[in-house]
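Visitor: You'll find structure_30.cif just under this line, and it carries mmCIF, C-alpha atoms.
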```
data_protein
#
loop_
_atom_site.label_atom_id
_atom_site.label_comp_id
_atom_site.auth_asym_id
_atom_site.auth_seq_id
_atom_site.Cartn_x
_atom_site.Cartn_y
_atom_site.Cartn_z
CA MET A 1 20.84 196.00 -46.76
CA ASN A 2 22.08 199.41 -45.76
CA MET A 3 25.58 199.78 -47.08
CA ARG A 4 27.71 202.82 -47.51
CA ARG A 5 28.93 203.49 -50.98
CA THR A 6 32.66 204.06 -51.21
CA GLY A 7 34.51 205.86 -53.90
CA PRO A 8 37.57 204.41 -55.69
CA GLY A 9 40.21 205.98 -53.46
CA GLU A 10 38.25 205.98 -50.27
CA THR A 11 38.77 203.48 -47.45
CA ALA A 12 35.67 202.05 -45.89
CA GLY A 13 35.05 202.09 -42.18
CA PRO A 14 32.40 202.72 -39.60
CA SER A 15 34.35 205.61 -38.10
CA GLY A 16 33.02 207.68 -40.93
CA CYS A 17 35.67 209.52 -42.83
CA GLY A 18 33.08 210.64 -45.38
CA LYS A 19 30.20 212.93 -44.85
CA ALA A 20 27.41 210.32 -45.12
CA ALA A 21 26.28 208.34 -42.02
CA GLY A 22 28.55 205.23 -41.77
CA GLY A 23 26.98 201.79 -42.30
CA PHE A 24 28.64 198.37 -42.46
CA THR A 25 30.83 197.44 -45.39
CA VAL A 26 30.30 194.21 -47.28
CA ILE A 27 33.43 192.72 -45.68
CA GLU A 28 32.22 193.43 -42.15
CA THR A 29 28.83 191.97 -42.88
CA LEU A 30 30.36 188.85 -44.39
CA VAL A 31 32.68 188.38 -41.41
CA ALA A 32 29.78 188.72 -38.99
CA LEU A 33 27.66 186.27 -40.98
CA THR A 34 30.52 183.77 -41.14
CA LEU A 35 31.03 183.95 -37.40
CA LEU A 36 27.31 183.45 -36.84
CA ALA A 37 27.23 180.48 -39.19
CA ALA A 38 30.25 178.92 -37.51
CA ALA A 39 28.63 179.30 -34.08
CA ALA A 40 25.39 177.77 -35.34
CA GLY A 41 27.35 174.93 -36.93
CA PHE A 42 29.15 174.11 -33.67
CA LEU A 43 25.83 174.16 -31.84
CA MET A 44 24.26 171.71 -34.29
CA ALA A 45 27.29 169.43 -34.10
CA ALA A 46 27.09 169.38 -30.31
CA LEU A 47 23.37 168.62 -30.41
CA GLY A 48 23.92 165.80 -32.89
CA ALA A 49 26.71 164.29 -30.81
CA SER A 50 24.60 164.42 -27.67
CA SER A 51 21.62 162.67 -29.23
CA ARG A 52 23.90 160.04 -30.76
CA LEU A 53 25.38 159.41 -27.34
CA VAL A 54 21.92 158.96 -25.82
CA ARG A 55 21.06 156.48 -28.57
CA ASP A 56 24.32 154.56 -28.08
CA VAL A 57 23.69 154.20 -24.37
CA ARG A 58 20.15 152.97 -24.96
CA GLU A 59 21.23 150.42 -27.56
CA ASN A 60 24.04 149.22 -25.36
CA GLU A 61 21.69 148.63 -22.47
CA THR A 62 19.22 146.81 -24.71
CA ALA A 63 22.05 144.58 -25.93
CA GLN A 64 23.05 143.84 -22.34
CA TRP A 65 19.49 142.90 -21.44
CA LEU A 66 19.35 140.60 -24.45
CA ALA A 67 22.71 139.00 -23.69
CA ARG A 68 21.78 138.45 -20.08
CA SER A 69 18.47 136.80 -20.95
CA ARG A 70 20.12 134.54 -23.52
CA LEU A 71 22.82 133.63 -21.05
CA VAL A 72 20.37 132.73 -18.29
CA GLU A 73 18.44 130.61 -20.76
CA ALA A 74 21.53 128.94 -22.18
CA ALA A 75 23.00 128.25 -18.75
CA ALA A 76 19.79 126.62 -17.55
CA TYR A 77 19.08 124.58 -20.67
CA PRO A 78 22.15 124.24 -22.89
CA ASP A 79 20.22 121.98 -25.24
CA ARG A 80 17.80 124.78 -25.91
CA ALA A 81 20.29 126.98 -27.72
CA PRO A 82 18.56 129.22 -30.23
CA PRO A 83 19.52 128.66 -33.88
CA GLU A 84 22.62 130.43 -35.15
CA ASP A 85 22.22 134.01 -36.19
CA ASP A 86 20.33 133.75 -39.45
CA ARG A 87 17.71 136.25 -38.47
CA PRO A 88 18.47 139.15 -36.15
CA ASP A 89 16.12 140.15 -33.36
CA ARG A 90 14.61 143.59 -33.78
CA TYR A 91 14.19 145.65 -30.62
CA GLU A 92 13.10 149.29 -30.67
CA GLY A 93 13.98 149.58 -34.34
CA VAL A 94 17.50 148.15 -34.08
CA ASP A 95 18.67 144.69 -35.22
CA TYR A 96 20.65 142.61 -32.74
CA ARG A 97 22.49 139.41 -33.61
CA THR A 98 23.19 136.86 -30.92
CA ARG A 99 25.88 134.20 -30.97
CA ILE A 100 26.20 131.58 -28.26
CA GLU A 101 29.30 129.43 -27.84
CA TYR A 102 29.86 126.47 -25.55
CA ARG A 103 33.37 125.38 -24.66
CA GLU A 104 34.74 122.73 -22.34
CA ILE A 105 37.46 124.17 -20.13
CA SER A 106 39.52 123.15 -17.10
CA PRO A 107 39.75 125.72 -14.37
CA LEU A 108 43.14 127.35 -14.05
CA PRO A 109 45.24 125.67 -11.33
CA GLU A 110 45.62 128.91 -9.42
CA ILE A 111 41.86 129.49 -9.06
CA ALA A 112 40.86 125.87 -8.34
CA VAL A 113 40.14 125.61 -4.65
CA ASP A 114 40.96 121.89 -4.24
CA ASP A 115 41.94 118.73 -6.10
CA VAL A 116 38.36 117.98 -7.08
CA ALA A 117 38.00 121.41 -8.59
CA ARG A 118 41.31 120.96 -10.37
CA THR A 119 40.16 117.85 -12.19
CA GLN A 120 36.65 119.03 -12.88
CA ARG A 121 35.82 120.35 -16.29
CA LEU A 122 33.53 123.31 -16.74
CA THR A 123 31.39 124.43 -19.62
CA GLU A 124 32.03 128.01 -20.57
CA ILE A 125 29.01 129.67 -22.08
CA ARG A 126 29.75 132.82 -23.98
CA VAL A 127 27.04 135.06 -25.38
CA GLU A 128 27.89 137.79 -27.84
CA VAL A 129 25.36 140.33 -29.02
CA SER A 130 26.26 142.68 -31.85
CA TRP A 131 24.38 145.50 -33.49
CA GLY A 132 24.84 148.57 -35.65
CA SER A 133 26.48 149.10 -39.02
CA ARG A 134 29.92 149.41 -37.47
CA PRO A 135 29.16 146.56 -35.13
CA SER A 136 29.25 147.23 -31.43
CA THR A 137 29.31 144.12 -29.31
CA VAL A 138 28.46 143.07 -25.78
CA GLN A 139 29.86 139.83 -24.38
CA MET A 140 28.80 137.91 -21.31
CA THR A 141 30.22 134.67 -19.99
CA ALA A 142 28.98 132.10 -17.50
CA TYR A 143 30.45 128.81 -16.30
CA ARG A 144 28.45 125.69 -15.74
CA LYS A 145 29.35 122.42 -14.09
CA PRO A 146 29.04 119.43 -16.39
CA GLY A 147 26.47 116.72 -16.01
CA PRO A 148 22.71 116.71 -15.99
CA GLN A 149 21.46 119.55 -13.85
CA PRO A 150 18.04 120.45 -15.05
CA GLY A 151 17.65 124.14 -14.70
CA ALA A 152 20.93 124.81 -12.94
CA ALA A 153 21.58 128.40 -13.84
CA ASN A 154 24.78 129.92 -12.64
CA ALA A 155 24.75 133.65 -12.40
CA PRO A 156 26.76 135.39 -15.09
CA VAL A 157 30.19 135.95 -13.66
CA ALA A 158 31.76 138.26 -16.17
CA ALA A 159 30.48 140.95 -18.42
CA ARG A 160 32.36 143.28 -20.60
CA MET B 1 17.86 212.56 -53.99
CA SER B 2 17.67 214.08 -50.52
CA ALA B 3 20.52 213.64 -48.03
CA ALA B 4 18.51 211.85 -45.29
CA ARG B 5 17.34 208.84 -47.22
CA GLY B 6 15.21 206.14 -45.51
CA PHE B 7 14.31 202.61 -46.62
CA THR B 8 12.25 202.13 -49.72
CA LEU B 9 9.08 200.07 -49.44
CA ILE B 10 10.68 197.15 -51.27
CA GLU B 11 13.63 197.07 -48.88
CA LEU B 12 11.32 197.15 -45.92
CA LEU B 13 9.19 194.31 -47.31
CA VAL B 14 12.25 192.18 -48.02
CA ALA B 15 13.59 192.82 -44.54
CA ILE B 16 10.27 191.96 -42.88
CA SER B 17 9.81 188.75 -44.86
CA LEU B 18 13.38 187.68 -44.09
CA ALA B 19 12.83 188.36 -40.40
CA THR B 20 9.59 186.36 -40.50
CA ILE B 21 11.22 183.38 -42.16
CA ILE B 22 14.08 183.40 -39.67
CA THR B 23 11.67 183.64 -36.74
CA LEU B 24 9.58 180.76 -38.06
CA LEU B 25 12.69 178.64 -38.49
CA GLY B 26 13.74 179.48 -34.97
CA VAL B 27 10.34 178.59 -33.55
CA SER B 28 10.18 175.26 -35.34
CA LEU B 29 13.70 174.41 -34.19
CA MET B 30 12.71 175.31 -30.65
CA ARG B 31 9.61 173.13 -30.83
CA THR B 32 11.58 170.19 -32.20
CA SER B 33 14.16 170.49 -29.48
CA ILE B 34 11.51 170.74 -26.75
CA ASN B 35 9.76 167.65 -28.14
CA THR B 36 13.03 165.75 -28.29
CA SER B 37 13.86 166.71 -24.76
CA VAL B 38 10.41 165.70 -23.44
CA ASN B 39 10.60 162.36 -25.28
CA ASN B 40 14.10 161.68 -24.02
CA GLU B 41 13.07 162.52 -20.50
CA GLU B 42 10.09 160.14 -20.68
CA ALA B 43 12.24 157.40 -22.18
CA LEU B 44 14.85 157.88 -19.45
CA VAL B 45 12.27 157.70 -16.68
CA ARG B 46 10.73 154.58 -18.23
CA ARG B 47 14.13 152.95 -18.61
CA GLN B 48 14.88 153.59 -14.98
CA ALA B 49 11.51 152.11 -14.01
CA LEU B 50 12.27 149.08 -16.19
CA ARG B 51 15.64 148.57 -14.52
CA ASP B 52 14.06 148.77 -11.08
CA ALA B 53 11.27 146.37 -12.03
CA GLN B 54 13.74 143.91 -13.53
CA ARG B 55 15.88 143.99 -10.40
CA LEU B 56 12.88 143.49 -8.13
CA ILE B 57 11.51 140.54 -10.11
CA GLU B 58 14.94 138.98 -10.47
CA TYR B 59 15.48 139.20 -6.73
CA ALA B 60 12.05 137.83 -5.84
CA TRP B 61 12.05 135.07 -8.47
CA SER B 62 15.55 133.87 -7.54
CA GLY B 63 14.06 132.70 -4.24
CA ARG B 64 10.85 131.31 -5.66
CA GLN B 65 9.39 128.50 -3.59
CA ALA B 66 7.59 125.40 -4.79
CA GLY B 67 4.23 126.19 -3.21
CA GLY B 68 1.71 128.91 -3.95
CA PHE B 69 2.54 129.32 -7.61
CA ALA B 70 -0.20 130.51 -9.96
CA ALA B 71 0.45 131.93 -13.39
CA GLY B 72 -1.06 133.13 -16.62
CA SER B 73 0.14 135.30 -19.45
CA ALA B 74 -1.05 138.52 -17.81
CA GLU B 75 -0.32 137.78 -14.18
CA MET B 76 1.72 135.63 -11.89
CA GLN B 77 1.79 134.91 -8.19
CA PHE B 78 4.38 133.11 -6.14
CA LEU B 79 5.99 132.76 -2.75
CA THR B 80 9.60 133.67 -2.28
CA SER B 81 12.18 132.91 0.35
CA GLN B 82 13.75 136.37 -0.01
CA LYS B 83 13.34 138.03 3.34
CA ALA B 84 13.10 141.63 2.19
CA THR B 85 9.81 140.97 0.45
CA GLY B 86 8.05 139.78 3.61
CA ASN B 87 6.40 136.40 3.91
CA LEU B 88 3.48 137.28 1.70
CA PRO B 89 2.77 135.88 -1.75
CA LEU B 90 3.90 138.31 -4.43
CA ARG B 91 1.83 139.09 -7.44
CA PHE B 92 2.91 140.75 -10.67
CA VAL B 93 0.19 141.89 -13.04
CA CYS B 94 0.15 143.33 -16.57
CA GLN B 95 -2.79 145.66 -16.24
CA PRO B 96 -4.47 147.53 -19.13
CA GLY B 97 -4.09 151.29 -18.68
CA GLU B 98 -6.33 154.18 -19.65
CA ARG B 99 -4.76 155.14 -22.96
CA ASP B 100 -4.69 151.79 -24.74
CA ASP B 101 -1.47 150.86 -22.97
CA PHE B 102 -0.30 148.54 -20.20
CA ALA B 103 1.27 148.97 -16.83
CA LEU B 104 3.17 146.44 -14.76
CA TRP B 105 1.87 146.29 -11.20
CA PHE B 106 3.28 144.66 -8.10
CA TYR B 107 1.19 143.50 -5.16
CA LYS B 108 1.92 141.87 -1.88
CA VAL B 109 -1.10 139.69 -1.37
CA PRO B 110 -2.42 139.95 2.19
CA PRO B 111 -3.45 136.72 3.94
CA PRO B 112 -7.17 135.94 3.43
CA ALA B 113 -8.15 136.82 7.01
CA ALA B 114 -6.74 140.31 6.73
CA GLN B 115 -8.50 141.00 3.47
CA PRO B 116 -11.91 142.46 4.25
CA ASP B 117 -12.50 144.11 0.87
CA PRO B 118 -10.90 144.10 -2.59
CA ALA B 119 -10.04 147.78 -2.27
CA ALA B 120 -7.43 146.97 0.35
CA GLU B 121 -5.53 144.85 -2.14
CA ALA B 122 -5.61 147.58 -4.75
CA LEU B 123 -4.22 150.03 -2.23
CA ALA B 124 -1.30 147.77 -1.48
CA GLY B 125 -0.30 147.71 -5.15
CA GLU B 126 2.63 149.55 -6.60
CA MET B 127 2.95 150.48 -10.23
CA LEU B 128 6.37 149.49 -11.51
CA VAL B 129 6.27 150.61 -15.17
CA ASP B 130 3.56 152.33 -17.17
CA GLY B 131 3.05 153.39 -20.78
CA LEU B 132 3.89 149.93 -22.14
CA ALA B 133 2.66 148.90 -25.58
CA ALA B 134 2.70 145.21 -24.62
CA CYS B 135 3.26 143.19 -21.46
CA SER B 136 3.10 139.43 -20.94
CA PHE B 137 4.68 136.62 -18.94
CA GLY B 138 6.05 133.33 -20.25
CA TYR B 139 7.16 130.11 -18.56
CA LEU B 140 9.69 127.59 -19.79
CA GLN B 141 8.43 124.04 -19.90
CA ALA B 142 11.43 121.84 -19.12
CA PRO B 143 12.27 119.13 -21.66
CA GLN B 144 10.38 116.00 -20.72
CA ASP B 145 12.43 113.63 -22.82
CA ASP B 146 14.80 113.76 -25.78
CA ARG B 147 12.08 114.19 -28.35
CA GLN B 148 10.40 117.16 -26.73
CA PRO B 149 12.74 120.09 -26.17
CA ALA B 150 12.12 122.87 -23.70
CA ARG B 151 9.64 125.47 -24.89
CA TRP B 152 8.02 128.68 -23.70
CA LYS B 153 4.37 128.63 -22.68
CA ASP B 154 1.84 131.38 -21.91
CA GLU B 155 -0.01 129.51 -19.21
CA TRP B 156 1.05 127.18 -16.45
CA PRO B 157 -1.31 124.40 -15.36
CA ALA B 158 -2.26 124.54 -11.70
CA GLY B 159 -0.74 121.73 -9.65
CA GLN B 160 2.31 121.27 -11.86
CA ALA B 161 5.68 122.01 -10.27
CA PRO B 162 6.56 125.65 -10.99
CA PRO B 163 9.00 126.45 -13.80
CA THR B 164 12.63 127.36 -13.26
CA LEU B 165 12.73 130.01 -15.92
CA MET B 166 10.21 132.80 -16.28
CA ARG B 167 10.25 135.57 -18.82
CA LEU B 168 8.69 138.99 -19.14
CA ASP B 169 8.02 140.34 -22.62
CA LEU B 170 7.59 144.10 -22.80
CA ALA B 171 7.24 146.64 -25.56
CA THR B 172 7.35 150.41 -25.51
CA ARG B 173 6.10 152.78 -28.16
CA ARG B 174 9.50 152.54 -29.82
CA GLY B 175 9.07 148.80 -30.27
CA ALA B 176 9.59 145.50 -28.47
CA LEU B 177 12.24 145.15 -25.78
CA PRO B 178 14.38 142.06 -25.33
CA PRO B 179 12.68 139.53 -23.07
CA PHE B 180 13.77 139.58 -19.45
CA VAL B 181 14.52 136.00 -18.43
CA PHE B 182 14.63 135.15 -14.73
CA ALA B 183 16.04 132.00 -13.16
CA VAL B 184 15.53 130.41 -9.77
CA GLU B 185 18.80 130.29 -7.87
CA GLY B 186 20.60 126.98 -7.42
CA THR B 187 17.81 124.54 -8.23
#
```
Please express what this file holds, its structure, as structure tokens.

Guide:
Amino acid sequence: MNMRRTGPGETAGPSGCGKAAGGFTVIETLVALTLLAAAAGFLMAALGASSRLVRDVRENETAQWLARSRLVEAAAYPDRAPPEDDRPDRYEGVDYRTRIEYREISPLPEIAVDDVARTQRLTEIRVEVSWGSRPSTVQMTAYRKPGPQPGAANAPVAAR
Amino acid sequence: MSAARGFTLIELLVAISLATIITLLGVSLMRTSINTSVNNEEALVRRQALRDAQRLIEYAWSGRQAGGFAAGSAEMQFLTSQKATGNLPLRFVCQPGERDDFALWFYKVPPPAAQPDPAAEALAGEMLVDGLAACSFGYLQAPQDDRQPARWKDEWPAGQAPPTLMRLDLATRRGALPPFVFAVEGT
């Protein structure tokens, strides 16, 4: 490090009030280093955030794929519901838990197209997939007419 | 001490070694970031290919017809009523690749008369996804009675009515993917 020595009463500065060739003072060097470190820190933070975002998007899509597959399966064969979430499924190094709920509902009067629809009950099938330590979730819902319809899969109507 | 004083040898050595360490750190950081970027790019491209393949199979399978169905764990052939695919039987194949991996291929099978040599069929193929660590099909056997619930099978006996649900199990180098389950529309 090439620093200029300053006497007790002398002020330091690059303008060179002394006779020796002016270098940087300790303060200047420290300020420059701090600025550099701060810039590097911001860069690393941005990089970290970007890779976390990429990972989040990938996991979210995987969860949607899983939810969709479970929903198609559950809508076609409600009796073939997988066991409740004792063991998570591991996909690409991440654990996903699936919960499937069946519920009997009556369609809302305002969306029922006729009297038959108004009296008919529907089965709501709701699939919820959650993953991560601070759990993120994906939900998908499908509606199924009651009665024996082997393999009658209704397309998922809502996803959020 | 003379007025024009240069660096001592020690100072110079310290400065050079510091510069070397910093350069090495910079190079390794650069290499890591290039690797990450290449991997991410590959993963993105593969994901997009997966999405496209899933959409294609979903579309074709939703109109699956009763006749012309043939299936195993590594390949599957069926006729579909979806117009955009033409009136040819469609074939999806999990094909071993060159580097101990698998690729998912899609063929439109030409009618027997217009099939003079096997090369023609290979030319008509389209690779949907490559670089897969695993690739297989599964078929859901409907429940026959109360005692025997529905279950997934690797093979489908010829002559039996085709299944309603079909699944595609894939894995990448990162690990297994969730199964893609496809249903026939309105059966």

Visitor: Do you have the atom CA of B:Ile57-atom CA of B:Phe92 distance handy?

Guide: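 Separating atom CA of B:Ile57 from atom CA of B:Phe92 is a distance of 8.6 Å.
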
Visitor: Run the PyMOL selection byres ((chain B) within 10 of (chain A)) mentally over the shown coordinates, then write out the matched residues as a PyMOL selection string, using the chain letters and numbers from the document.

Guide: chain B and resi 3-4+6-7+11-12+14-15+33+36-37+40+43-44+47+51+54+140+142-143+146+149-151+163-167+171-187

Visitor: Point out the residue among B:Gly159, B:Gly26, B:Gly72, B:Gly63 with the least atom-to-atom distance to B:Val93, counting only C-alpha atoms.

Guide: B:Gly72

Visitor: For a quick check of your reading of the model, name the residues lying within 12 Å of the coordinate (6.0, 152.5, -14.1), counting only C-alpha atoms, and write them as a PyMOL selection string.

Guide: chain B and resi 42-54+94-95+97+101-106+125-132+172

Visitor: Can I get the selection written as a compact mmCIF listing (two decimals), in the frame of the given file, with C-alpha atoms?

Guide:
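See again_9.txt below for the written result:
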```txt
# COMPACT_ATOMS: atom_id res chain seq x y z
CA GLU B 42 10.09 160.14 -20.68
CA ALA B 43 12.24 157.40 -22.18
CA LEU B 44 14.85 157.88 -19.45
CA VAL B 45 12.27 157.70 -16.68
CA ARG B 46 10.73 154.58 -18.23
CA ARG B 47 14.13 152.95 -18.61
CA GLN B 48 14.88 153.59 -14.98
CA ALA B 49 11.51 152.11 -14.01
CA LEU B 50 12.27 149.08 -16.19
CA ARG B 51 15.64 148.57 -14.52
CA ASP B 52 14.06 148.77 -11.08
CA ALA B 53 11.27 146.37 -12.03
CA GLN B 54 13.74 143.91 -13.53
CA CYS B 94 0.15 143.33 -16.57
CA GLN B 95 -2.79 145.66 -16.24
CA GLY B 97 -4.09 151.29 -18.68
CA ASP B 101 -1.47 150.86 -22.97
CA PHE B 102 -0.30 148.54 -20.20
CA ALA B 103 1.27 148.97 -16.83
CA LEU B 104 3.17 146.44 -14.76
CA TRP B 105 1.87 146.29 -11.20
CA PHE B 106 3.28 144.66 -8.10
CA GLY B 125 -0.30 147.71 -5.15
CA GLU B 126 2.63 149.55 -6.60
CA MET B 127 2.95 150.48 -10.23
CA LEU B 128 6.37 149.49 -11.51
CA VAL B 129 6.27 150.61 -15.17
CA ASP B 130 3.56 152.33 -17.17
CA GLY B 131 3.05 153.39 -20.78
CA LEU B 132 3.89 149.93 -22.14
CA THR B 172 7.35 150.41 -25.51
```

Visitor: Find the distance between atom CA of B:Lys108 and atom CA of B:Gln65 and write it in Å to one decimal.

Guide: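 Atom CA of B:Lys108 sits 15.4 Å away from atom CA of B:Gln65.
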
Visitor: Could you check which of B:Ala19, B:Ala134, B:Asn39, B:Thr80 is closest to B:Gly67, using only C-alpha atoms?

Guide: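 The shortest atom-to-atom distance to B:Gly67 comes from B:Thr80.
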
Visitor: What separation in Å, quoted to one decimal, exists between atom CA of B:Asp100 and atom CA of B:Ser136?

Guide: 15.1 Å

Visitor: Kindly resolve the PyMOL selection byres ((chain B and resi 153) around 6) on the present coordinates and return the residues as a list in words.

Guide: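 Expected selection for the PyMOL selection byres ((chain B and resi 153) around 6) here is Gly138, Tyr139, Trp152, Asp154 and Glu155 of chain B.
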
Visitor: Determine, counting all atoms listed in the file, every residue of protein, DNA or RNA that lies within 12 Å of (1.1, 127.2, -1.9) in the file coordinates, then give the result as a ChimeraX atom specification.

Guide: /B:64-70,77-80,88-90,158-162

Visitor: Would you please work out which residue, of B:Leu29, B:Asp169, B:Tyr59, B:Arg5, is nearest to B:Ala84 when using only C-alpha atoms?

Guide: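 Using only C-alpha atoms, B:Ala84 sits closest to B:Tyr59.
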
Visitor: Which residues fall under the PyMOL selection byres ((chain A and resi 129-138) around 6) in this file, as a PyMOL selection string?

Guide: chain A and resi 96-98+128+139

Visitor: Starting from the incomplete input, reconstruct N, CA and C atoms of stretch 39-58 of chain A and write that as a CSV table (one decimal), in the coordinates of the input.

Guide:
```csv
chain,number,residue,atom,x,y,z
A,39,ALA,N,29.2,179.6,-35.4
A,39,ALA,CA,28.6,179.3,-34.1
A,39,ALA,C,27.4,178.4,-34.2
A,40,ALA,N,26.6,178.6,-35.2
A,40,ALA,CA,25.4,177.8,-35.3
A,40,ALA,C,25.8,176.4,-35.7
A,41,GLY,N,26.9,176.2,-36.5
A,41,GLY,CA,27.4,174.9,-36.9
A,41,GLY,C,27.9,174.1,-35.7
A,42,PHE,N,28.6,174.8,-34.9
A,42,PHE,CA,29.2,174.1,-33.7
A,42,PHE,C,28.0,173.6,-32.8
A,43,LEU,N,27.0,174.5,-32.7
A,43,LEU,CA,25.8,174.2,-31.8
A,43,LEU,C,25.1,172.9,-32.4
A,44,MET,N,24.9,172.9,-33.7
A,44,MET,CA,24.3,171.7,-34.3
A,44,MET,C,25.1,170.4,-34.1
A,45,ALA,N,26.4,170.6,-34.3
A,45,ALA,CA,27.3,169.4,-34.1
A,45,ALA,C,27.2,168.9,-32.7
A,46,ALA,N,27.2,169.8,-31.7
A,46,ALA,CA,27.1,169.4,-30.3
A,46,ALA,C,25.8,168.7,-30.0
A,47,LEU,N,24.7,169.2,-30.6
A,47,LEU,CA,23.4,168.6,-30.4
A,47,LEU,C,23.3,167.2,-31.0
A,48,GLY,N,23.9,167.1,-32.2
A,48,GLY,CA,23.9,165.8,-32.9
A,48,GLY,C,24.7,164.8,-32.1
A,49,ALA,N,25.9,165.2,-31.6
A,49,ALA,CA,26.7,164.3,-30.8
A,49,ALA,C,26.0,163.8,-29.5
A,50,SER,N,25.3,164.8,-28.9
A,50,SER,CA,24.6,164.4,-27.7
A,50,SER,C,23.5,163.4,-27.9
A,51,SER,N,22.7,163.6,-29.0
A,51,SER,CA,21.6,162.7,-29.2
A,51,SER,C,22.2,161.3,-29.7
A,52,ARG,N,23.3,161.3,-30.4
A,52,ARG,CA,23.9,160.0,-30.8
A,52,ARG,C,24.4,159.3,-29.5
A,53,LEU,N,24.9,160.0,-28.6
A,53,LEU,CA,25.4,159.4,-27.3
A,53,LEU,C,24.2,158.8,-26.6
A,54,VAL,N,23.1,159.5,-26.5
A,54,VAL,CA,21.9,159.0,-25.8
A,54,VAL,C,21.5,157.7,-26.5
A,55,ARG,N,21.5,157.7,-27.8
A,55,ARG,CA,21.1,156.5,-28.6
A,55,ARG,C,22.0,155.3,-28.3
A,56,ASP,N,23.3,155.6,-28.3
A,56,ASP,CA,24.3,154.6,-28.1
A,56,ASP,C,24.1,153.9,-26.7
A,57,VAL,N,23.9,154.7,-25.7
A,57,VAL,CA,23.7,154.2,-24.4
A,57,VAL,C,22.5,153.3,-24.3
A,58,ARG,N,21.4,153.8,-25.0
A,58,ARG,CA,20.2,153.0,-25.0
A,58,ARG,C,20.3,151.6,-25.7
```
